[in-house]
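Heads up, query_7.txt below (compact mmCIF, C-alpha atoms):
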```
# COMPACT_ATOMS: atom_id res chain seq x y z
CA MET A 112 11.56 -4.94 -11.80
CA GLU A 113 13.72 -1.96 -12.61
CA PRO A 114 16.01 -0.59 -9.88
CA GLY A 115 14.23 2.10 -7.90
CA GLU A 116 10.76 0.67 -8.52
CA GLY A 117 8.31 -1.17 -6.30
CA PRO A 118 7.71 -1.16 -2.57
CA GLY A 119 10.64 -0.88 -0.21
CA THR A 120 13.11 0.23 -2.87
CA LEU A 121 15.72 2.88 -2.31
CA ASP A 122 18.03 5.20 -4.18
CA LEU A 123 21.69 5.45 -3.26
CA HIS A 124 23.35 8.80 -3.68
CA GLY A 125 26.92 8.89 -4.97
CA ASP A 126 29.48 7.14 -2.87
CA GLU A 127 27.65 7.67 0.41
CA GLU A 128 27.77 4.73 2.76
CA ILE A 129 26.91 4.18 6.36
CA ILE A 130 30.00 3.85 8.47
CA GLU A 131 29.94 2.24 11.87
CA VAL A 132 30.14 5.03 14.41
CA VAL A 133 32.27 4.49 17.50
CA GLU A 134 30.43 6.17 20.36
CA LEU A 135 32.63 8.31 22.57
CA GLY A 136 29.68 8.90 24.87
CA PRO A 137 27.39 11.89 24.82
CA PRO A 138 28.44 15.17 26.44
CA GLY A 139 27.37 15.37 30.06
CA PRO A 140 24.42 17.44 31.25
CA ASP A 141 26.73 20.11 32.65
CA ASP A 142 28.58 20.49 29.33
CA LEU A 143 25.36 20.92 27.39
CA ALA A 144 23.81 23.24 29.94
CA GLU A 145 26.97 25.38 29.77
CA GLU A 146 26.79 25.37 25.96
CA MET A 147 23.24 26.68 26.15
CA GLU A 148 24.32 29.33 28.68
CA ASP A 149 26.66 30.76 26.01
CA VAL A 150 23.87 31.24 23.48
CA ASP A 151 23.06 34.87 22.79
CA PHE A 152 19.35 35.27 23.24
CA GLU A 153 17.55 38.46 22.35
CA ASP A 154 14.03 39.36 23.39
CA GLU A 155 11.97 39.32 20.25
CA GLY A 156 8.30 40.16 19.99
CA ALA A 157 5.90 37.98 18.06
CA GLU A 158 3.09 38.95 15.79
CA GLU A 159 0.09 36.72 16.19
CA PRO A 160 -1.70 36.01 12.92
CA ASP A 161 -5.42 35.43 12.98
CA ALA A 162 -6.04 31.96 14.35
CA GLU A 163 -7.67 29.80 11.73
CA THR A 164 -10.77 27.86 12.58
CA TRP A 165 -10.03 24.21 13.10
CA GLU A 166 -12.29 21.32 12.28
CA SER A 167 -11.98 17.84 13.66
CA GLU A 168 -12.67 14.72 11.69
CA ASP A 169 -15.37 12.73 13.40
CA ASP A 170 -14.22 9.32 14.56
CA GLU A 171 -12.27 8.42 11.43
CA GLY A 172 -11.29 4.76 11.36
CA VAL A 173 -13.47 3.84 14.33
CA GLU A 174 -15.01 0.42 14.22
CA ASP A 175 -18.29 -0.64 15.79
CA GLY A 176 -17.90 -2.48 19.05
CA MET A 177 -14.36 -1.23 19.63
CA GLU A 178 -15.24 -0.23 23.19
CA ALA A 179 -16.24 -3.77 24.14
CA GLN A 180 -12.67 -4.78 25.07
CA ASP A 181 -10.73 -2.76 27.62
CA ASP A 182 -7.23 -3.96 28.49
CA SER A 183 -6.28 -0.75 30.32
CA GLU A 184 -5.45 -0.48 34.03
CA VAL A 185 -6.28 3.22 34.48
CA THR A 186 -8.58 5.60 32.57
CA PHE A 187 -8.24 9.38 32.84
CA SER A 188 -11.51 11.04 31.86
CA LEU A 189 -11.32 14.73 32.78
CA HIS A 190 -11.10 15.89 29.14
CA SER A 191 -14.40 16.73 27.47
CA ALA A 192 -13.18 16.41 23.84
CA SER A 193 -10.49 14.59 21.81
CA VAL A 194 -7.16 14.25 23.64
CA PHE A 195 -4.38 15.15 21.21
CA CYS A 196 -1.09 14.71 23.08
CA VAL A 197 0.58 12.97 26.00
CA SER A 198 4.06 12.96 27.57
CA LEU A 199 5.52 11.23 30.62
CA ASP A 200 7.83 12.96 33.07
CA PRO A 201 11.35 11.71 32.17
CA LYS A 202 12.76 11.55 35.69
CA THR A 203 10.27 9.28 37.45
CA ASN A 204 7.79 8.26 34.73
CA THR A 205 5.05 8.64 37.37
CA LEU A 206 3.31 11.71 35.90
CA ALA A 207 1.59 12.29 32.58
CA VAL A 208 0.55 15.53 30.91
CA THR A 209 -2.28 15.46 28.37
CA GLY A 210 -3.70 18.20 26.16
CA GLY A 211 -6.94 18.26 24.21
CA GLU A 212 -9.48 19.85 21.91
CA ASP A 213 -11.30 21.17 25.01
CA ASP A 214 -8.52 23.84 25.35
CA LYS A 215 -7.32 22.09 28.51
CA ALA A 216 -4.16 20.38 29.71
CA PHE A 217 -3.84 18.28 32.86
CA VAL A 218 -0.93 16.84 34.84
CA TRP A 219 -1.98 13.58 36.52
CA ARG A 220 -0.60 10.47 38.21
CA VAL A 221 -0.16 7.44 35.99
CA SER A 222 -0.64 4.94 38.86
CA ASP A 223 -4.24 5.91 39.65
CA GLY A 224 -5.28 8.70 37.26
CA GLU A 225 -5.37 11.22 40.12
CA LEU A 226 -5.24 14.87 38.97
CA LEU A 227 -2.18 16.80 40.17
CA PHE A 228 -3.13 20.15 38.60
CA GLU A 229 -4.76 21.74 35.57
CA CYS A 230 -2.68 23.87 33.18
CA SER A 231 -5.37 26.52 32.78
CA GLY A 232 -5.67 29.58 30.58
CA HIS A 233 -5.41 28.14 27.06
CA LYS A 234 -7.77 29.52 24.43
CA ASP A 235 -7.45 26.88 21.73
CA SER A 236 -6.87 23.13 21.38
CA VAL A 237 -3.78 22.05 23.34
CA THR A 238 -1.74 20.10 20.78
CA CYS A 239 1.72 20.07 22.41
CA ALA A 240 2.70 19.17 25.98
CA GLY A 241 5.90 17.90 27.56
CA PHE A 242 8.16 17.85 30.61
CA SER A 243 11.67 19.28 30.80
CA HIS A 244 14.55 16.76 30.92
CA ASP A 245 14.62 16.83 34.74
CA SER A 246 10.82 16.94 35.20
CA VAL A 247 11.06 20.34 36.94
CA PHE A 248 8.90 22.11 34.34
CA VAL A 249 6.00 21.13 32.10
CA ALA A 250 5.17 23.10 28.94
CA THR A 251 1.80 23.23 27.20
CA GLY A 252 1.10 24.81 23.81
CA ASP A 253 -2.14 25.45 21.96
CA MET A 254 -2.88 25.77 18.25
CA SER A 255 -3.19 29.55 18.38
CA GLY A 256 0.42 29.76 19.61
CA LEU A 257 -0.01 30.40 23.35
CA ILE A 258 2.73 28.50 25.19
CA LYS A 259 2.76 28.20 28.97
CA VAL A 260 5.36 26.68 31.31
CA TRP A 261 4.50 25.43 34.80
CA ARG A 262 6.72 24.48 37.71
CA VAL A 263 5.59 20.96 38.59
CA ASP A 264 6.32 20.90 42.34
CA ALA A 265 4.69 24.31 42.93
CA LYS A 266 1.88 23.62 40.43
CA GLU A 267 2.15 27.20 39.23
CA GLU A 268 2.69 28.98 35.93
CA VAL A 269 6.16 30.52 35.64
CA TRP A 270 6.24 31.74 32.03
CA SER A 271 4.06 32.24 28.98
CA PHE A 272 4.57 33.54 25.45
CA GLU A 273 2.51 33.93 22.31
CA VAL A 274 3.77 33.05 18.85
CA GLY A 275 2.01 32.39 15.53
CA ASP A 276 0.00 29.20 14.98
CA LEU A 277 1.94 26.41 16.71
CA GLU A 278 3.10 23.33 14.75
CA TRP A 279 5.34 21.52 17.28
CA MET A 280 7.24 22.03 20.53
CA GLU A 281 10.15 20.22 22.20
CA TRP A 282 12.33 20.56 25.28
CA HIS A 283 16.13 20.53 25.05
CA PRO A 284 17.49 17.12 26.21
CA GLN A 285 19.79 18.61 28.89
CA ALA A 286 18.83 22.24 29.59
CA HIS A 287 15.81 24.34 30.49
CA VAL A 288 15.44 25.45 26.88
CA LEU A 289 12.28 25.13 24.81
CA LEU A 290 12.09 24.93 21.01
CA ALA A 291 8.93 25.43 18.94
CA GLY A 292 8.02 25.65 15.25
CA THR A 293 5.27 27.89 13.89
CA ALA A 294 3.14 28.26 10.75
CA ASP A 295 5.07 31.35 9.62
CA GLY A 296 8.21 29.23 9.15
CA ASN A 297 10.03 30.38 12.27
CA THR A 298 11.60 28.15 14.88
CA TRP A 299 11.70 29.75 18.33
CA MET A 300 14.06 29.00 21.21
CA TRP A 301 13.61 30.25 24.78
CA LYS A 302 15.50 29.91 28.02
CA ILE A 303 13.06 28.99 30.78
CA PRO A 304 12.01 30.69 32.98
CA SER A 305 13.91 33.86 32.00
CA GLY A 306 12.28 33.88 28.56
CA ASP A 307 15.44 34.97 26.70
CA CYS A 308 14.56 34.34 23.07
CA LYS A 309 16.12 33.48 19.71
CA THR A 310 14.48 32.77 16.35
CA PHE A 311 15.62 30.74 13.35
CA GLN A 312 13.97 31.99 10.19
CA GLY A 313 12.95 29.29 7.72
CA PRO A 314 11.20 29.63 4.37
CA ALA A 315 7.85 31.46 4.28
CA CYS A 316 5.86 28.30 4.98
CA PRO A 317 5.08 26.27 8.14
CA ALA A 318 7.90 24.61 10.10
CA THR A 319 5.97 21.33 10.25
CA CYS A 320 8.25 19.20 12.45
CA GLY A 321 11.48 19.47 14.41
CA ARG A 322 13.84 17.65 16.71
CA ILE A 323 16.85 18.69 18.82
CA LEU A 324 19.75 16.35 18.04
CA PRO A 325 21.33 14.33 20.88
CA ASP A 326 24.43 16.60 21.04
CA GLY A 327 22.11 19.39 22.21
CA LYS A 328 23.87 21.83 19.88
CA ARG A 329 21.89 21.31 16.66
CA ALA A 330 18.27 20.92 15.66
CA VAL A 331 16.72 19.49 12.50
CA VAL A 332 13.56 21.22 11.22
CA GLY A 333 11.30 20.13 8.36
CA TYR A 334 9.09 22.49 6.36
CA GLU A 335 5.91 22.42 4.32
CA ASP A 336 7.78 23.15 1.08
CA GLY A 337 9.68 19.84 1.37
CA THR A 338 12.94 21.36 2.60
CA MET A 339 14.88 20.33 5.71
CA ARG A 340 17.38 22.44 7.62
CA ILE A 341 19.95 21.56 10.28
CA TRP A 342 20.40 24.55 12.60
CA ASP A 343 23.32 25.45 14.86
CA LEU A 344 21.47 26.46 18.04
CA LYS A 345 24.34 28.50 19.48
CA GLN A 346 25.21 30.48 16.36
CA GLY A 347 21.67 30.65 14.99
CA THR A 348 22.95 29.65 11.56
CA SER A 349 21.78 27.01 9.11
CA LEU A 350 24.45 24.29 8.78
CA HIS A 351 22.76 22.32 5.97
CA VAL A 352 19.72 22.79 3.75
CA LEU A 353 18.18 19.90 1.83
CA LYS A 354 15.96 21.08 -1.01
CA GLY A 355 15.11 20.24 -4.60
CA GLN A 356 16.06 16.64 -5.40
CA ASP A 357 17.68 16.20 -1.98
CA GLY A 358 14.58 17.48 -0.20
CA HIS A 359 11.04 16.09 -0.40
CA GLN A 360 8.42 16.81 -3.03
CA ASP A 361 5.70 17.37 -0.42
CA PRO A 362 5.49 18.67 3.17
CA LEU A 363 7.60 16.95 5.84
CA THR A 364 5.56 15.17 8.50
CA CYS A 365 8.22 13.87 10.90
CA VAL A 366 11.95 13.79 11.65
CA ALA A 367 14.04 11.55 13.92
CA SER A 368 17.68 10.91 14.71
CA ASN A 369 19.59 7.85 15.84
CA GLN A 370 21.05 7.62 19.33
CA ASP A 371 24.35 9.39 18.61
CA GLY A 372 22.82 11.90 16.21
CA SER A 373 24.97 10.82 13.25
CA LEU A 374 21.93 9.90 11.15
CA ILE A 375 18.67 11.76 10.61
CA MET A 376 15.54 10.37 9.00
CA THR A 377 12.86 12.55 7.44
CA GLY A 378 9.33 11.50 6.45
CA SER A 379 6.94 13.24 4.10
CA VAL A 380 3.52 13.32 2.50
CA ASP A 381 5.37 12.20 -0.66
CA CYS A 382 5.65 8.69 0.90
CA HIS A 383 9.43 8.77 1.00
CA ALA A 384 11.70 8.47 4.04
CA LYS A 385 15.20 9.88 3.57
CA LEU A 386 18.27 8.89 5.54
CA VAL A 387 20.66 11.83 5.97
CA ASN A 388 24.21 12.08 7.33
CA SER A 389 23.87 14.89 9.90
CA THR A 390 27.54 15.90 9.65
CA THR A 391 27.73 16.26 5.87
CA GLY A 392 24.06 17.01 5.21
CA LYS A 393 24.12 14.43 2.40
CA VAL A 394 21.26 12.03 1.64
CA VAL A 395 22.54 8.50 2.25
CA CYS A 396 19.51 6.70 0.80
CA VAL A 397 15.80 7.04 0.11
CA PHE A 398 13.25 4.48 1.26
CA LYS A 399 10.19 4.48 -1.01
CA MET A 400 6.82 2.88 -0.45
CA GLU A 401 4.28 2.68 -3.24
CA SER A 402 0.88 4.18 -2.54
CA VAL A 403 -2.01 1.81 -2.05
CA THR A 404 -4.03 1.32 -5.23
CA PRO A 405 -7.72 2.10 -4.81
CA LYS A 406 -9.74 -1.10 -4.37
CA ALA A 407 -12.57 0.16 -6.59
CA PRO A 408 -12.66 2.50 -9.59
CA ILE A 409 -12.83 6.12 -8.49
CA SER A 410 -16.13 7.81 -9.30
CA GLU A 411 -16.23 11.43 -10.32
CA GLY A 412 -15.73 13.70 -7.32
CA GLU A 413 -13.98 11.02 -5.23
CA GLU A 414 -10.32 11.14 -4.38
CA ALA A 415 -7.86 8.27 -4.67
CA GLU A 416 -6.62 6.81 -1.38
CA SER A 417 -3.64 8.83 -0.28
CA ASN A 418 -0.61 7.58 1.59
CA SER A 419 2.11 9.37 3.54
CA VAL A 420 4.80 8.79 6.15
CA GLU A 421 3.23 9.54 9.54
CA SER A 422 5.96 8.53 12.00
CA LEU A 423 9.46 7.07 12.08
CA GLY A 424 12.27 6.19 14.46
CA PHE A 425 15.57 4.38 14.97
CA CYS A 426 16.23 1.26 17.01
CA ASN A 427 18.92 1.79 19.69
CA VAL A 428 20.22 -1.78 19.84
CA MET A 429 20.29 -2.88 16.17
CA PRO A 430 20.86 -1.02 12.87
CA LEU A 431 17.12 -0.84 12.16
CA ALA A 432 14.65 1.96 11.47
CA ALA A 433 10.86 1.85 11.42
CA VAL A 434 8.54 3.90 9.22
CA GLY A 435 4.77 4.06 9.76
CA TYR A 436 2.46 4.94 6.87
CA LEU A 437 -1.07 6.29 6.63
CA ASP A 438 -2.14 3.18 4.69
CA GLY A 439 -1.37 1.03 7.75
CA THR A 440 2.04 -0.30 6.69
CA LEU A 441 4.80 -0.55 9.28
CA ALA A 442 8.08 -0.93 7.37
CA ILE A 443 11.22 -2.13 9.15
CA TYR A 444 14.35 -1.13 7.23
CA ASP A 445 17.83 -2.61 7.71
CA LEU A 446 20.27 0.31 7.78
CA SER A 447 23.38 -1.80 7.20
CA THR A 448 22.05 -3.14 3.88
CA GLN A 449 19.69 -0.17 3.27
CA SER A 450 16.87 -2.54 2.41
CA LEU A 451 13.33 -3.41 3.51
CA ARG A 452 13.44 -6.14 6.16
CA HIS A 453 9.76 -6.55 7.14
CA LYS A 454 6.34 -5.16 6.25
CA CYS A 455 3.79 -5.37 9.08
CA GLN A 456 0.27 -4.54 7.97
CA HIS A 457 -2.38 -2.73 10.03
CA GLU A 458 -5.98 -2.47 8.90
CA SER A 459 -6.05 1.25 9.70
CA GLY A 460 -3.52 4.06 9.35
CA ILE A 461 -0.58 4.30 11.76
CA VAL A 462 -0.65 7.49 13.82
CA GLN A 463 2.64 7.10 15.66
CA LEU A 464 5.40 4.60 16.42
CA LEU A 465 7.95 4.37 19.23
CA TRP A 466 10.89 2.01 19.84
CA GLU A 467 11.68 0.52 23.22
CA GLU A 468 14.84 2.09 24.60
CA SER A 469 16.80 -1.13 24.98
CA SER A 470 15.33 -3.73 22.64
CA ALA A 471 14.27 -4.31 19.03
CA VAL A 472 10.58 -3.91 19.86
CA VAL A 473 8.54 -1.22 18.14
CA TYR A 474 5.13 0.04 19.32
CA THR A 475 2.45 1.40 17.01
CA CYS A 476 -0.87 3.12 17.63
CA SER A 477 -3.44 3.42 14.88
CA LEU A 478 -6.78 4.79 13.79
CA ASP A 479 -8.45 1.49 14.79
CA GLY A 480 -7.88 2.33 18.47
CA ALA A 481 -5.28 -0.37 19.25
CA VAL A 482 -1.68 -0.34 20.50
CA ARG A 483 0.50 -3.08 19.05
CA LEU A 484 3.96 -4.37 19.91
CA TRP A 485 6.10 -5.76 17.08
CA ASP A 486 9.34 -7.75 17.15
CA ALA A 487 11.43 -5.95 14.53
CA ARG A 488 13.75 -8.95 14.12
CA SER A 489 10.99 -11.32 13.00
CA GLY A 490 8.35 -8.82 11.85
CA LYS A 491 5.81 -10.64 14.04
CA MET A 492 3.27 -8.96 16.32
CA ILE A 493 3.99 -9.66 20.00
CA SER A 494 0.75 -8.33 21.50
CA GLU A 495 -2.17 -5.97 21.04
CA TYR A 496 -3.98 -3.76 23.55
CA ARG A 497 -7.44 -2.24 23.15
CA GLY A 498 -9.71 -0.07 25.25
CA HIS A 499 -10.51 3.08 23.29
CA SER A 500 -13.77 3.57 21.40
CA ALA A 501 -12.12 5.92 18.89
CA GLU A 502 -8.78 6.37 17.15
CA ILE A 503 -5.61 6.73 19.26
CA LEU A 504 -4.05 10.15 18.59
CA ASP A 505 -0.84 9.94 20.64
CA PHE A 506 0.95 7.64 23.08
CA ALA A 507 4.01 7.41 25.30
CA VAL A 508 6.04 4.47 26.65
CA ASN A 509 7.88 4.60 29.98
CA LYS A 510 11.62 3.91 30.29
CA ASP A 511 11.44 0.26 31.28
CA ALA A 512 8.68 -0.36 28.72
CA SER A 513 6.26 -1.65 31.35
CA ILE A 514 3.45 0.83 30.66
CA VAL A 515 1.95 2.62 27.67
CA VAL A 516 -0.17 5.76 28.05
CA THR A 517 -2.53 6.57 25.16
CA THR A 518 -4.83 9.46 24.22
CA SER A 519 -7.83 9.22 21.95
CA GLY A 520 -10.68 10.85 20.09
CA ASP A 521 -12.98 9.24 22.68
CA HIS A 522 -12.02 12.04 25.16
CA GLN A 523 -9.97 9.65 27.32
CA ALA A 524 -6.39 8.81 28.18
CA LYS A 525 -5.59 5.26 29.24
CA VAL A 526 -2.72 3.46 30.95
CA PHE A 527 -1.89 -0.07 29.76
CA CYS A 528 0.45 -2.44 31.60
CA VAL A 529 2.57 -4.20 28.99
CA GLN A 530 3.25 -7.81 29.87
CA ARG A 531 6.02 -9.43 27.87
CA PRO A 532 6.79 -13.16 28.21
CA ASP A 533 10.46 -12.65 27.26
CA ARG A 534 11.13 -10.29 30.18
```
Could you take the file, read its structure, and then write that structure out as structure tokens?
Amino acid sequence: MEPGEGPGTLDLHGDEEIIEVVELGPPGPDDLAEEMEDVDFEDEGAEEPDAETWESEDDEGVEDGMEAQDDSEVTFSLHSASVFCVSLDPKTNTLAVTGGEDDKAFVWRVSDGELLFECSGHKDSVTCAGFSHDSVFVATGDMSGLIKVWRVDAKEEVWSFEVGDLEWMEWHPQAHVLLAGTADGNTWMWKIPSGDCKTFQGPACPATCGRILPDGKRAVVGYEDGTMRIWDLKQGTSLHVLKGQDGHQDPLTCVASNQDGSLIMTGSVDCHAKLVNSTTGKVVCVFKMESVTPKAPISEGEEAESNSVESLGFCNVMPLAAVGYLDGTLAIYDLSTQSLRHKCQHESGIVQLLWEESSAVVYTCSLDGAVRLWDARSGKMISEYRGHSAEILDFAVNKDASIVVTTSGDHQAKVFCVQRPDR
């Protein structure tokens, strides 16, 4: 096999190598909050393009009889359509916020599914929802670009803003600052609740994914044209742009960073995951996965099975990264040798993956409606949890990895207690 061919191969770029990073400890909350205080925000208006009609795919990947087994402890059933997103409150992990195709978002208790309050007033599918770092605020965003922020203890709306069609939204890790990417290529940043605003102008195509880096001073944003930019949040300038050979050939689907922010990983529809040094902006290596070959000859009018990177993330306790693909492959890569360590196969496409905070265990949710736990050291599945009668669309894991909260096309959110023999 030639170098650079076959599954799990990679390209090395120049003399780049991964150097062990000595952690000096992240800046404290006060430092980062002060940094964000120095940012010059200007009030900027937003033009709202015509909202496009949105069609849902009916129960893709759903198997007959899936609903027969229910391992969940709690079921939240106030949504009347597919539930697209879920987040847990970071401070106590006792509250969840879910958003759905019914144009609704709810904040509810994880312990018993009791509703705390409804985030009302959305006019399109709620696709983004999350709590601020201290759980004081919760933000909900719909596809048309209406973003609302609620004060959790008062259960009241404190701020709202309308942008173009919303692609993603994320809270700053240490400050009441909200970042969002839109279909016109802009990335927006607001102070909450004052609403002071700043925009970062990308190429004239959707800003498909984004992540604030752990230092709280930079953000990485991926775009539909295959480019990736690292932005200085304070200055509003682009520190690095990856495009052409360094970028991706197809739209970016996801970005992640390791715990100290020294490495970024980008995933794309082109089936490649790229490891990038966030300081230099250089590509360290490229992890490639071959597309699945169609099992039968393609008749006229049919499309070949496609594959893409759907989710990725870094392990905090070992030099490992996980990449989840639409064809159901979970690939565990060893960062120290820049090679494929394990391939864990799912029967259906992986929607999302998450690592446990303090172990080498990775969680996946997939179109077959199951949550699975994998030991990244051995590549073996630890356990599997079922309960949904349709595909899982999003999930969250609490800090001590004792519960998983899932949302699904079956209009429900569920809470699973994760029992692990090695704990």
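Minimum distance to A:Lys393 across A:Lys309, A:Arg488, A:Arg340, A:Lys345 (counting all atoms listed in the file) occurs at A:Arg340.
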Show me, as AutoDock Vina command-line options, the centre and edge lengths in Å to one decimal of the axis-aligned box that covers every listed atom of stretch 273-283 of chain A with 8 Å on each side.
```
--center_x 8.1 --center_y 27.1 --center_z 20.0 --size_x 32.1 --size_y 29.7 --size_z 26.5
```
Practice task
Take atom CA of A:Leu350 and atom CA of A:Val332 and report the distance between them in Å, one decimal.
Solution key: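 Interatomic distance here is 11.6 Å.
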Exercise for the section: Calculate how many Å separate atom CA of A:Asp445 from atom CA of A:Val516, rounding to one decimal. Expected result: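 Atom CA of A:Asp445 sits 28.4 Å away from atom CA of A:Val516.
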Problem - Within 8 Å of A:Gly480 using only C-alpha atoms, minus same-chain residues under 3 positions, as a list in words - result: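 Skipping anything fewer than 3 positions along the chain leaves Val173, Met177, Cys476, Ser477, Arg497, Gly498, His499, Ser500, Ala501, Glu502, Ile503 and Ser519 of chain A.
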Problem - Residues within 7 Å of A:Thr319, all atoms listed in the file, excluding chain neighbours under 3 positions, as JSON, numbers by chain - result: {"A": [278, 292, 333, 334, 335, 363, 364]}
Exercise for the section: Compile the contact shell of A:His287 as a list in words: residues with an atom at most 7 Å away, counting all atoms listed in the file, same-chain residues fewer than 3 positions apart removed. Expected result: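 My list of contacting residues is Ser243, His283, Lys302 and Ile303 of chain A.
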Handout entry: Non-local contacts of A:Val237 (10 Å; only C-alpha atoms; under 5 positions in same chain excluded) as a ChimeraX atom specification
Key = /A:194-196,209-216,251-258,277
Practice task
Pick out the closest residue to A:Lys202 from this set: A:Cys316, A:Ser469, A:Lys510, A:Gln463. Count only C-alpha atoms.
Solution key: A:Lys510
With 12 Å as the cut-off and all atoms listed in the file counted, what is the closest atom pair between each nearby residue of stretch 254-310 of chain A and stretch 325-330 of chain A? Distances in Å to one decimal, ordered by chain and number, as CSV.
```
residue,atom,partner,partner_atom,distance
A:Glu281,CA,A:Ala330,CA,10.4
A:Trp282,CA,A:Gly327,CA,10.3
A:His283,CA,A:Gly327,CA,6.7
A:Pro284,CA,A:Gly327,CA,6.5
A:Gln285,CA,A:Gly327,CA,7.1
A:Ala286,CA,A:Gly327,CA,8.6
A:His287,CA,A:Gly327,CA,11.5
A:Val288,CA,A:Gly327,CA,10.1
A:Leu289,CA,A:Gly327,CA,11.7
A:Leu290,CA,A:Ala330,CA,9.1
A:Ala291,CA,A:Ala330,CA,10.9
A:Gly292,CA,A:Ala330,CA,11.3
A:Thr298,CA,A:Ala330,CA,9.9
A:Trp299,CA,A:Ala330,CA,11.3
A:Met300,CA,A:Ala330,CA,10.7
```
Problem - Two-atom distance - atom CA of A:Ser459, atom CA of A:Leu441 (Å) - result: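 Between atom CA of A:Ser459 and atom CA of A:Leu441 the gap works out to 11.0 Å.
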Residues within 8 Å of (-4.4, 20.4, 34.6), file coordinates, counting all atoms listed in the file: what are they? Give the list as a CSV table (one decimal) with C-alpha atoms, in the coordinates of the input.
```
chain,number,residue,atom,x,y,z
A,208,VAL,CA,0.6,15.5,30.9
A,215,LYS,CA,-7.3,22.1,28.5
A,216,ALA,CA,-4.2,20.4,29.7
A,217,PHE,CA,-3.8,18.3,32.9
A,218,VAL,CA,-0.9,16.8,34.8
A,219,TRP,CA,-2.0,13.6,36.5
A,226,LEU,CA,-5.2,14.9,39.0
A,227,LEU,CA,-2.2,16.8,40.2
A,228,PHE,CA,-3.1,20.2,38.6
A,229,GLU,CA,-4.8,21.7,35.6
A,230,CYS,CA,-2.7,23.9,33.2
A,231,SER,CA,-5.4,26.5,32.8
```
